[in-house]
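Pasting coords.cif here (mmCIF, C-alpha atoms):
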data_target
#
loop_
_atom_site.label_atom_id
_atom_site.label_comp_id
_atom_site.auth_asym_id
_atom_site.auth_seq_id
_atom_site.Cartn_x
_atom_site.Cartn_y
_atom_site.Cartn_z
CA MET J 913 2.81 51.88 -3.59
CA ASN J 914 0.30 52.94 -0.88
CA LYS J 915 -1.75 50.45 1.08
CA LYS J 916 -5.01 51.06 -0.78
CA ARG J 917 -3.45 50.38 -4.18
CA LEU J 918 -1.70 47.30 -2.80
CA LEU J 919 -5.05 46.18 -1.36
CA LEU J 920 -6.60 46.56 -4.82
CA TRP J 921 -3.90 44.47 -6.56
CA ILE J 922 -4.05 41.76 -3.91
CA GLY J 923 -7.84 41.74 -4.34
CA VAL J 924 -7.45 41.18 -8.10
CA ILE J 925 -4.99 38.32 -7.51
CA LEU J 926 -7.38 36.90 -4.92
CA ILE J 927 -10.21 36.88 -7.47
CA PHE J 928 -8.06 34.94 -9.94
CA LEU J 929 -6.97 32.46 -7.26
CA THR J 930 -10.59 32.02 -6.14
CA THR J 931 -11.62 31.29 -9.73
CA PHE J 932 -8.88 28.68 -10.21
CA ASN J 933 -9.67 27.02 -6.88
CA LEU J 934 -13.36 26.84 -7.81
CA LEU J 935 -12.43 25.18 -11.11
CA ILE J 936 -10.34 22.63 -9.23
CA TYR J 937 -13.21 21.99 -6.81
CA ILE J 938 -15.65 21.47 -9.68
CA ASN J 939 -13.23 18.91 -11.17
CA ARG J 940 -12.26 17.42 -7.80
CA LYS J 941 -13.14 13.87 -8.96
CA ASP J 942 -10.40 14.04 -11.58
CA LEU J 943 -7.90 11.24 -10.85
CA GLY J 944 -4.98 13.66 -10.74
CA LEU J 945 -6.67 15.66 -7.98
CA GLN J 946 -7.89 12.67 -5.98
CA TYR J 947 -4.84 10.40 -6.05
CA THR J 948 -1.07 10.56 -5.93
CA PRO J 949 0.91 8.29 -8.29
CA ALA J 950 3.22 5.93 -6.44
CA SER J 951 5.98 3.49 -7.31
CA TYR J 952 5.85 -0.25 -6.77
CA SER J 953 8.37 0.12 -3.94
CA SER J 954 6.32 2.72 -2.06
CA ILE J 955 3.19 0.60 -2.29
CA TYR J 956 4.71 -2.76 -1.44
CA TYR J 957 7.64 -2.06 0.90
CA PRO J 958 6.24 -0.77 4.22
CA SER J 959 8.43 1.34 6.46
CA GLU J 960 8.91 -1.65 8.76
CA ILE J 961 11.17 -3.09 6.05
CA PRO J 962 14.72 -1.61 6.01
CA LYS J 963 15.94 0.15 2.88
CA ILE J 964 19.30 0.91 1.28
CA THR J 965 19.64 4.62 0.57
CA GLY J 966 23.18 4.69 -0.80
CA PHE J 967 26.64 3.18 -1.23
CA ASP J 968 30.13 4.58 -0.57
CA LEU J 969 33.15 2.92 -2.17
CA LEU J 970 35.99 3.15 0.36
CA PRO J 971 39.74 2.54 0.11
CA ALA J 972 41.10 -0.99 0.59
CA ASP J 973 38.28 -2.59 -1.40
CA LYS J 974 35.51 -1.81 1.06
CA LEU J 975 31.91 -0.80 0.38
CA ARG J 976 29.78 1.05 2.92
CA ILE J 977 26.05 0.34 2.58
CA LYS J 978 23.68 2.92 4.04
CA ILE J 979 20.93 0.79 5.56
CA ILE J 980 18.03 2.62 7.21
CA ILE J 981 15.95 0.77 9.80
CA GLN J 982 12.85 2.74 10.78
CA GLY J 983 13.21 4.50 14.12
CA LYS J 984 16.26 2.48 15.17
CA LYS J 985 20.01 2.90 15.08
CA CYS J 986 22.46 0.05 14.90
CA LYS J 987 26.09 0.43 15.94
CA GLU J 988 27.30 -3.08 15.24
CA TRP J 989 26.80 -5.40 12.26
CA LYS J 990 27.36 -9.08 11.66
CA ILE J 991 28.44 -9.76 8.07
CA ILE J 992 28.82 -13.10 6.27
CA ARG J 993 30.37 -13.20 2.79
CA ASN J 994 29.39 -16.30 0.83
CA ASP J 995 29.87 -19.21 3.25
CA GLU J 996 32.91 -17.76 5.00
CA PRO J 997 33.13 -17.16 8.77
CA PHE J 998 31.31 -14.00 9.85
CA TYR J 999 33.01 -10.80 10.91
CA ILE J 1000 31.76 -7.86 12.98
CA HIS J 1001 31.83 -4.23 11.85
CA ASN J 1002 31.36 -1.39 14.32
CA GLY J 1003 29.70 1.69 12.88
CA ALA J 1004 26.40 3.27 11.89
CA TYR J 1005 26.47 1.42 8.56
CA PRO J 1006 27.93 -1.97 7.59
CA GLU J 1007 31.12 -2.05 5.52
CA LEU J 1008 31.65 -5.01 3.19
CA ASP J 1009 35.03 -6.49 2.31
CA LEU J 1010 34.81 -6.66 -1.47
CA LEU J 1011 36.13 -9.56 -3.50
CA LYS J 1012 36.51 -9.77 -7.27
CA GLY J 1013 33.59 -11.28 -9.14
CA LYS J 1014 30.06 -11.98 -7.90
CA ASN J 1015 29.66 -12.46 -4.16
CA GLY J 1016 26.75 -12.64 -1.75
CA TYR J 1017 26.58 -10.94 1.64
CA LYS J 1018 24.28 -11.60 4.57
CA ILE J 1019 24.02 -8.59 6.88
CA MET J 1020 22.42 -8.57 10.34
CA PRO J 1021 22.27 -6.05 13.19
CA HIS J 1022 24.39 -7.34 16.06
CA GLY J 1023 24.34 -6.66 19.77
CA ASN J 1024 20.91 -4.99 19.86
CA LYS J 1025 18.03 -7.32 20.67
CA GLU J 1026 15.49 -4.55 20.01
CA ILE J 1027 16.25 -4.70 16.28
CA ALA J 1028 14.59 -7.91 15.14
CA ILE J 1029 14.67 -8.09 11.34
CA GLU J 1030 15.26 -10.77 8.77
CA PRO J 1031 18.85 -11.01 7.45
CA ILE J 1032 19.56 -8.52 4.68
CA ILE J 1033 20.89 -10.17 1.54
CA VAL J 1034 22.97 -8.18 -0.95
CA LYS J 1035 24.85 -9.50 -3.97
CA ILE J 1036 27.72 -7.44 -5.37
CA HIS J 1037 29.67 -7.78 -8.62
CA TYR J 1038 33.06 -6.12 -8.08
CA ARG J 1039 35.90 -5.37 -10.48
CA HIS J 1040 39.11 -3.74 -9.25
CA GLU J 1041 40.96 -3.03 -12.51
CA PRO J 1042 41.46 -0.89 -14.53
CA SER J 1043 39.47 1.12 -11.96
CA PRO J 1044 37.27 0.07 -9.02
CA LEU J 1045 33.73 -0.66 -10.21
CA TYR J 1046 30.89 -2.39 -8.37
CA HIS J 1047 27.33 -3.34 -9.23
CA ALA J 1048 24.66 -4.31 -6.69
CA PHE J 1049 22.69 -6.81 -8.75
CA TYR J 1050 20.44 -8.19 -6.01
CA SER J 1051 18.96 -7.13 -2.68
CA ASN J 1052 16.05 -8.50 -0.67
CA ILE J 1053 15.21 -4.99 0.58
CA PRO J 1054 14.44 -1.89 -1.52
CA ILE J 1055 17.28 0.25 -2.83
CA GLY J 1056 16.70 3.99 -3.07
CA ASN J 1057 15.40 6.79 -0.87
CA ILE J 1058 11.80 5.77 -1.50
CA LYS J 1059 8.73 7.06 0.31
CA GLN J 1060 7.46 4.31 2.62
CA TYR J 1061 4.27 3.95 4.62
CA SER J 1062 3.76 1.92 7.79
CA LEU J 1063 1.59 -1.19 7.84
CA ASP J 1064 -0.62 0.62 10.33
CA SER J 1065 -1.35 3.37 7.79
CA TRP J 1066 -3.07 0.79 5.56
CA ALA J 1067 -4.49 -1.97 7.70
CA ASP J 1068 -7.72 -1.19 9.52
CA ALA J 1069 -11.28 -2.46 9.25
CA PHE J 1070 -12.54 -1.29 12.63
CA TYR J 1071 -13.55 2.27 11.78
CA ASP J 1072 -17.28 1.49 11.71
CA ILE J 1073 -17.72 -1.30 14.27
CA ASN J 1074 -17.97 -1.05 18.03
CA THR J 1075 -15.99 -2.95 20.65
CA ASP J 1076 -18.67 -5.58 21.16
CA GLU J 1077 -18.79 -6.35 17.42
CA LEU J 1078 -15.02 -6.63 17.25
CA GLU J 1079 -15.00 -9.06 20.17
CA LYS J 1080 -17.63 -11.16 18.39
CA VAL J 1081 -15.45 -11.30 15.28
CA LYS J 1082 -12.43 -12.36 17.34
CA LYS J 1083 -14.53 -15.03 19.05
CA ILE J 1084 -15.59 -16.45 15.67
CA ILE J 1085 -11.96 -16.44 14.52
CA LYS J 1086 -10.81 -18.35 17.58
CA GLN J 1087 -13.69 -20.74 18.23
CA GLU J 1088 -15.27 -21.37 14.82
CA ILE J 1089 -12.41 -20.80 12.38
CA ASN J 1090 -9.85 -22.25 14.81
CA VAL J 1091 -7.10 -19.74 14.05
CA ARG J 1092 -4.22 -20.20 16.51
CA ASP J 1093 -1.41 -17.85 17.51
CA ALA J 1094 1.09 -20.53 16.46
CA ASP J 1095 -0.28 -20.63 12.90
CA ASP J 1096 1.85 -18.88 10.30
CA THR J 1097 0.23 -16.07 8.32
CA LEU J 1098 -0.60 -18.11 5.21
CA LEU J 1099 -2.29 -20.81 7.30
CA LYS J 1100 -4.37 -18.16 9.09
CA ILE J 1101 -5.40 -16.73 5.72
CA GLU J 1102 -6.34 -20.17 4.39
CA LYS J 1103 -8.51 -20.86 7.44
CA ILE J 1104 -10.31 -17.50 7.24
CA PHE J 1105 -10.67 -17.77 3.47
CA GLY J 1106 -12.09 -21.30 3.67
CA TYR J 1107 -14.57 -20.35 6.40
CA LEU J 1108 -15.89 -17.28 4.59
CA MET J 1109 -16.08 -19.07 1.25
CA SER J 1110 -18.02 -21.95 2.80
CA ASN J 1111 -20.57 -19.43 4.08
CA PHE J 1112 -20.76 -17.02 1.15
CA ASP J 1113 -19.57 -18.73 -2.04
CA LEU J 1114 -23.13 -19.20 -3.31
CA LYS J 1115 -24.24 -15.73 -2.23
CA ARG J 1116 -23.32 -13.72 -5.29
CA GLY J 1117 -25.26 -11.04 -7.11
CA ALA J 1118 -27.76 -8.36 -6.10
CA ARG J 1119 -27.82 -7.39 -2.44
CA CYS J 1120 -30.93 -7.29 -0.30
CA LYS J 1121 -32.20 -3.87 0.78
CA LYS J 1122 -30.85 -4.27 4.32
CA ILE J 1123 -27.26 -4.53 3.10
CA GLU J 1124 -27.69 -1.50 0.83
CA ASP J 1125 -27.99 0.66 3.94
CA ALA J 1126 -24.73 2.66 3.90
CA SER J 1127 -24.84 3.16 7.68
CA LEU J 1128 -24.38 -0.56 8.39
CA SER J 1129 -21.14 -1.68 9.98
CA LEU J 1130 -19.14 -4.44 8.30
CA PHE J 1131 -20.09 -6.82 11.09
CA LYS J 1132 -23.80 -6.16 10.53
CA VAL J 1133 -23.31 -6.79 6.80
CA TYR J 1134 -21.60 -10.07 7.69
CA SER J 1135 -24.40 -11.02 10.08
CA ILE J 1136 -27.17 -10.29 7.58
CA ALA J 1137 -25.36 -12.17 4.81
CA SER J 1138 -24.88 -15.14 7.16
CA THR J 1139 -28.53 -15.46 8.16
CA GLU J 1140 -30.63 -14.12 5.29
CA THR J 1141 -31.07 -14.70 1.58
CA THR J 1142 -29.00 -12.10 -0.21
CA GLY J 1143 -26.30 -11.67 -2.79
CA LEU J 1144 -22.96 -9.94 -2.25
CA TYR J 1145 -20.89 -7.77 -4.56
CA CYS J 1146 -17.11 -8.10 -4.82
CA SER J 1147 -16.74 -5.12 -2.47
CA GLU J 1148 -18.69 -6.91 0.30
CA PHE J 1149 -16.63 -10.07 -0.17
CA ALA J 1150 -13.43 -8.01 0.12
CA LYS J 1151 -14.53 -5.87 3.07
CA ILE J 1152 -15.74 -8.84 5.13
CA TYR J 1153 -12.42 -10.60 4.55
CA VAL J 1154 -10.51 -7.42 5.48
CA LEU J 1155 -12.48 -7.24 8.73
CA PHE J 1156 -11.70 -10.84 9.70
CA ALA J 1157 -8.06 -10.76 8.58
CA ASN J 1158 -7.25 -7.59 10.51
CA ALA J 1159 -9.09 -8.91 13.57
CA ALA J 1160 -6.83 -11.99 13.34
CA GLY J 1161 -3.75 -9.74 13.39
CA ILE J 1162 -3.01 -9.94 9.65
CA PRO J 1163 -2.43 -6.43 8.20
CA THR J 1164 -4.87 -6.29 5.28
CA ARG J 1165 -6.05 -3.52 2.96
CA LEU J 1166 -8.58 -2.94 0.20
CA VAL J 1167 -7.42 -2.47 -3.39
CA GLN J 1168 -9.53 -1.31 -6.31
CA SER J 1169 -8.65 -1.71 -9.95
CA GLY J 1170 -10.32 -0.18 -12.96
CA GLY J 1171 -9.81 2.53 -15.50
CA HIS J 1172 -11.21 5.63 -17.14
CA ILE J 1173 -11.86 6.86 -20.66
CA GLY J 1174 -12.27 10.57 -20.13
CA LYS J 1175 -14.80 10.84 -17.30
CA VAL J 1176 -16.33 7.43 -18.01
CA LYS J 1177 -15.45 4.90 -15.32
CA LEU J 1178 -14.71 1.37 -16.46
CA SER J 1179 -15.28 -1.79 -14.40
CA THR J 1180 -13.85 -1.42 -10.89
CA PRO J 1181 -13.45 -4.72 -9.04
CA VAL J 1182 -12.51 -4.57 -5.36
CA PHE J 1183 -10.27 -7.14 -3.69
CA SER J 1184 -7.78 -7.22 -0.84
CA GLU J 1185 -4.11 -7.68 -0.04
CA SER J 1186 -2.71 -9.22 3.14
CA PHE J 1187 0.83 -8.71 4.42
CA ILE J 1188 2.75 -11.97 4.90
CA LYS J 1189 5.26 -11.13 7.63
CA GLU J 1190 7.28 -14.32 7.08
CA GLN J 1191 8.03 -13.17 3.52
CA ASN J 1192 7.80 -9.37 3.91
CA ARG J 1193 5.40 -9.44 0.97
CA TRP J 1194 1.80 -8.52 0.20
CA ALA J 1195 -0.47 -11.23 -1.22
CA LEU J 1196 -3.59 -10.65 -3.29
CA VAL J 1197 -6.65 -12.31 -1.73
CA ASP J 1198 -9.85 -12.27 -3.80
CA LEU J 1199 -12.84 -14.15 -2.40
CA HIS J 1200 -15.08 -13.08 -5.27
CA SER J 1201 -12.87 -14.99 -7.75
CA ARG J 1202 -12.40 -17.83 -5.20
CA LYS J 1203 -8.67 -17.09 -4.94
CA CYS J 1204 -6.88 -17.35 -1.59
CA TYR J 1205 -3.44 -16.37 -2.89
CA VAL J 1206 -1.02 -16.99 -5.77
CA SER J 1207 2.62 -18.04 -5.36
CA ASP J 1208 5.66 -18.94 -7.43
CA VAL J 1209 7.48 -22.29 -7.44
CA ASN J 1210 9.39 -21.22 -4.31
CA GLY J 1211 6.22 -20.42 -2.39
CA MET J 1212 6.67 -16.64 -2.55
CA VAL J 1213 3.29 -14.92 -2.71
CA LEU J 1214 2.31 -12.42 -5.40
CA ASN J 1215 0.53 -9.10 -5.05
CA ALA J 1216 -1.90 -7.31 -7.37
CA ILE J 1217 0.77 -5.58 -9.46
CA ASP J 1218 2.75 -8.82 -9.78
CA LEU J 1219 -0.36 -10.53 -11.16
CA PHE J 1220 -1.06 -7.52 -13.38
CA ASN J 1221 2.36 -7.89 -15.02
CA ILE J 1222 2.04 -11.68 -15.24
CA THR J 1223 -1.32 -11.22 -16.97
CA LEU J 1224 0.14 -8.81 -19.52
CA LEU J 1225 2.95 -11.30 -20.24
CA GLY J 1226 0.60 -14.29 -20.39
CA ALA J 1227 2.85 -16.20 -17.98
CA GLN J 1228 0.17 -17.64 -15.70
CA SER J 1229 1.24 -21.26 -16.24
CA ALA J 1230 4.43 -20.73 -14.19
CA TYR J 1231 2.53 -20.05 -10.95
CA TYR J 1232 0.22 -21.77 -8.50
CA ALA J 1233 -2.94 -20.67 -6.69
CA LYS J 1234 -4.78 -21.65 -3.55
CA ILE J 1235 -8.43 -21.70 -4.60
CA PHE J 1236 -11.83 -22.72 -3.26
CA ARG J 1237 -13.22 -25.67 -5.19
CA GLN J 1238 -16.09 -27.98 -4.21
CA GLY J 1239 -16.06 -26.90 -0.59
CA GLU J 1240 -12.29 -27.18 -0.07
CA VAL J 1241 -9.19 -25.00 -0.33
CA ILE J 1242 -6.91 -26.71 -2.85
CA THR J 1243 -3.72 -25.95 -4.78
CA ALA J 1244 -4.14 -25.61 -8.55
CA PRO J 1245 -2.21 -24.15 -11.50
CA TYR J 1246 -2.80 -20.40 -11.57
CA SER J 1247 -3.83 -20.76 -15.22
CA MET J 1248 -7.03 -22.39 -13.90
CA ALA J 1249 -7.84 -19.45 -11.63
CA CYS J 1250 -6.86 -16.32 -13.56
CA GLU J 1251 -10.10 -15.46 -15.40
CA SER J 1252 -10.76 -12.44 -13.20
CA GLU J 1253 -7.31 -10.97 -13.87
CA LYS J 1254 -7.62 -11.67 -17.60
CA TYR J 1255 -10.89 -9.76 -17.63
CA TYR J 1256 -9.97 -6.77 -15.48
CA PHE J 1257 -6.17 -6.38 -15.63
CA SER J 1258 -5.86 -4.78 -19.06
CA LYS J 1259 -2.77 -2.80 -20.00
CA ASP J 1260 -4.49 0.50 -19.13
CA ALA J 1261 -5.73 -0.66 -15.71
CA GLU J 1262 -5.37 1.59 -12.68
CA PHE J 1263 -4.91 0.34 -9.12
CA LYS J 1264 -6.00 2.41 -6.15
CA PHE J 1265 -4.74 1.92 -2.60
CA MET J 1266 -6.70 3.59 0.19
CA PHE J 1267 -5.10 4.71 3.44
CA LYS J 1268 -7.06 3.62 6.50
CA ALA J 1269 -7.63 7.18 7.74
CA ASN J 1270 -9.32 8.04 4.46
CA LYS J 1271 -12.07 5.48 4.99
CA ARG J 1272 -13.69 7.73 7.59
CA TYR J 1273 -16.00 10.02 5.71
CA SER J 1274 -16.19 12.96 8.12
CA LEU J 1275 -15.58 16.46 6.80
CA LEU J 1276 -12.22 16.72 8.56
CA LYS J 1277 -11.07 13.39 7.12
CA ARG J 1278 -12.06 14.49 3.62
CA ILE J 1279 -10.08 17.69 4.04
CA TYR J 1280 -7.12 15.68 5.37
CA ARG J 1281 -7.28 13.31 2.39
CA TYR J 1282 -7.61 16.20 -0.06
CA LEU J 1283 -4.76 18.30 1.32
CA ILE J 1284 -2.38 16.06 3.25
CA GLN J 1285 -2.58 12.41 2.24
CA PRO J 1286 -4.35 11.56 -1.03
CA ASP J 1287 -4.75 7.85 -1.67
CA LEU J 1288 -2.17 6.22 -3.94
CA THR J 1289 -2.60 4.96 -7.48
CA TYR J 1290 -0.46 2.81 -9.76
CA SER J 1291 -0.68 2.41 -13.52
CA ASN J 1292 1.52 1.65 -16.51
CA ILE J 1293 0.08 4.65 -18.32
CA ALA J 1294 0.43 8.30 -17.35
CA VAL J 1295 -3.13 8.77 -16.11
CA VAL J 1296 -2.17 10.64 -12.97
CA SER J 1297 0.60 13.17 -12.56
CA SER J 1298 2.04 14.49 -9.30
CA ALA J 1299 2.06 17.93 -10.91
CA ARG J 1300 -1.71 18.27 -10.44
CA GLN J 1301 -1.36 17.67 -6.71
CA TYR J 1302 1.37 20.32 -6.47
CA ILE J 1303 -0.68 22.82 -8.52
CA LYS J 1304 -3.75 22.14 -6.36
CA LEU J 1305 -1.83 22.76 -3.15
CA PHE J 1306 0.00 25.79 -4.57
CA LEU J 1307 -3.27 27.47 -5.58
CA LEU J 1308 -5.01 26.65 -2.31
CA TYR J 1309 -2.18 27.77 -0.04
CA GLY J 1310 -1.69 30.82 -2.27
CA TRP J 1311 -5.35 31.71 -1.83
CA ILE J 1312 -5.06 31.36 1.96
CA LEU J 1313 -1.93 33.55 2.04
CA PHE J 1314 -3.39 36.32 -0.15
CA PHE J 1315 -6.74 36.21 1.66
CA LEU J 1316 -5.08 36.69 5.06
CA THR J 1317 -2.87 39.46 3.64
CA TRP J 1318 -5.90 41.17 2.10
CA CYS J 1319 -7.78 41.00 5.42
CA PHE J 1320 -4.80 42.45 7.30
CA LEU J 1321 -4.42 45.33 4.84
CA ALA J 1322 -8.17 45.98 4.80
CA ILE J 1323 -8.24 46.29 8.60
CA SER J 1324 -5.09 48.44 8.52
CA CYS J 1325 -6.56 50.81 5.92
CA LYS J 1326 -9.84 51.04 7.83
CA ASN J 1327 -8.04 52.10 11.01
CA GLU J 1328 -6.01 54.81 9.25
CA PRO J 1329 -7.33 58.36 9.52
CA ASP J 1330 -8.71 59.85 6.27
#
Turn the structure described in the file into structure tokens.
Amino acid sequence: MNKKRLLLWIGVILIFLTTFNLLIYINRKDLGLQYTPASYSSIYYPSEIPKITGFDLLPADKLRIKIIIQGKKCKEWKIIRNDEPFYIHNGAYPELDLLKGKNGYKIMPHGNKEIAIEPIIVKIHYRHEPSPLYHAFYSNIPIGNIKQYSLDSWADAFYDINTDELEKVKKIIKQEINVRDADDTLLKIEKIFGYLMSNFDLKRGARCKKIEDASLSLFKVYSIASTETTGLYCSEFAKIYVLFANAAGIPTRLVQSGGHIGKVKLSTPVFSESFIKEQNRWALVDLHSRKCYVSDVNGMVLNAIDLFNITLLGAQSAYYAKIFRQGEVITAPYSMACESEKYYFSKDAEFKFMFKANKRYSLLKRIYRYLIQPDLTYSNIAVVSSARQYIKLFLLYGWILFFLTWCFLAISCKNEPD
């Protein structure tokens, strides 16, 4: 096949690829093209938390656990089985001495002060006869080679405020809210939540025209809402809290829930989640529904998807909530504070988690979000498929490849003598 005929065929393919890419661009607001579906583990276990990627059953009743700690290598492990004296294992991965029945193991990096993590708890059910068989029935870290994202990839509210505004926020946090470095994360959240609710609880509803200005920074929105008569939507409540929480050193992100019927968008409330480092868990914080956080009987906080599942099961009475009531932050049964979840968290709800880089609406950031890092979504129904993302990228990169090839051949043919 000569170059001119090849140029013609590549041109035909290029026309088809251009047509398909235009169709995708026209439908770019389709959920499957905007978002990537993600698992619970990817959303809620940041890369700062270790993960177990595999197990190897070894001779002499030993089990090697492949524990990955982000960016760090451990060569020595301290292992405690049940309440027995600890033993040390030298190697890249810990090896457990198995015992028949159900046994618990506490695993800690040893001899490397740079690796500061909470003890890893694993519970193993082991049977030796008729053939060796084990079952890991509990772990306090994720199991599986899951995709993880760093806390820094989520938590940021400073993309539209300047240094002076950020310093003013930090000054308010320290001097007016009285947040101290020694406070644990939940206490810091309670202080910030109580302060903001005291200022804005009665400011609900339609916003004044000043706040509707999209160019305003979050700090300016906060300042206007603090000094003037205006209402606030749930998104303003959430964004102002995200600003203050991140400024106080609490990794916090925005979450949006909602749904679609075809191209019709259903209600889309916006709230936030803060990372509780003492528990390695995210906690839902929703100022608009006067909810500081929800926890179980052991004090472990719950995130948006936890509350989504609890709502579907109707199990609210087993949990407790910190809420704002009559000017104070109090503890109450979650069943008294779950109206928002009952209303919005239907079985077909979708949850969207936005990476911090994607909040910057420059052209380059939009291209980055579209091609490299689409925001994540979670749902119990198959609204979004990863296949659409792969098809989108395949068609786009295919167009780029064929376009460059066509240009090269066109120049080559032009330079050839007749």
Report, in Å with one decimal, the straight-line distance from atom CA of Met1020 of chain J to atom CA of Ser954 of chain J.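 Atom CA of Ser954 of chain J lies at a distance of 23.2 Å from atom CA of Met1020 of chain J.
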Please, which residues in segment 1163-1256 of chain J fall within 7 Å of segment 1261-1264 of chain J when counting only C-alpha atoms, and what is the closest atom pair and distance in Å to one decimal for each, ordered by chain then residue number, as CSV?
residue,atom,partner,partner_atom,distance
J:Val1167,CA,J:Lys1264,CA,5.8
J:Gln1168,CA,J:Lys1264,CA,5.1
J:Ser1169,CA,J:Phe1263,CA,4.3
J:Gly1170,CA,J:Glu1262,CA,5.3
J:Gly1171,CA,J:Ala1261,CA,5.2
With distances taken over all atoms listed in the file, the candidate from J:Ala1048, J:Ala1004, J:Ala1230, J:Ile936 nearest Phe967 of chain J is J:Ala1048
Between J:Ala1244, J:Ile1000, J:Ile991, J:Leu1108, which residue has the minimum interatomic distance to Phe1149 of chain J, considering only C-alpha atoms?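 Among the listed residues, the smallest separation from Phe1149 of chain J belongs to J:Leu1108.
Nearest residue to Ser953 of chain J, choosing from J:Leu1045, J:Ile1055, J:Val1209, J:Leu1128 and counting all atoms listed in the file: J:Ile1055.
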Mind checking which residues fall within 7 Å of segment 1322-1326 of chain J, counting only C-alpha atoms, ignoring those fewer than 3 positions away in the same chain, and posting them as a VMD selection string? chain J and resid 915 to 916 919 1318 to 1319
Pick from J:Phe1070, J:Tyr947, J:Tyr1232, J:Trp921, whichever lies nearest to Arg1300 of chain J using all atoms listed in the file: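 Ranking J:Phe1070, J:Tyr947, J:Tyr1232, J:Trp921 by distance to Arg1300 of chain J, first place goes to J:Tyr947.
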Near Met1266 of chain J, within 12 Å and counting only C-alpha atoms, which residues show up once chain neighbours fewer than 3 positions away are dropped, as a ChimeraX atom specification? /J:946-948,955,1061,1065-1069,1164-1169,1182-1185,1263,1269-1272,1281,1285-1290
Chain and number of each residue from the PyMOL selection byres ((chain J and resi 1051) around 10), as a ChimeraX atom specification: /J:963-964,1016-1017,1032-1036,1048-1050,1052-1055
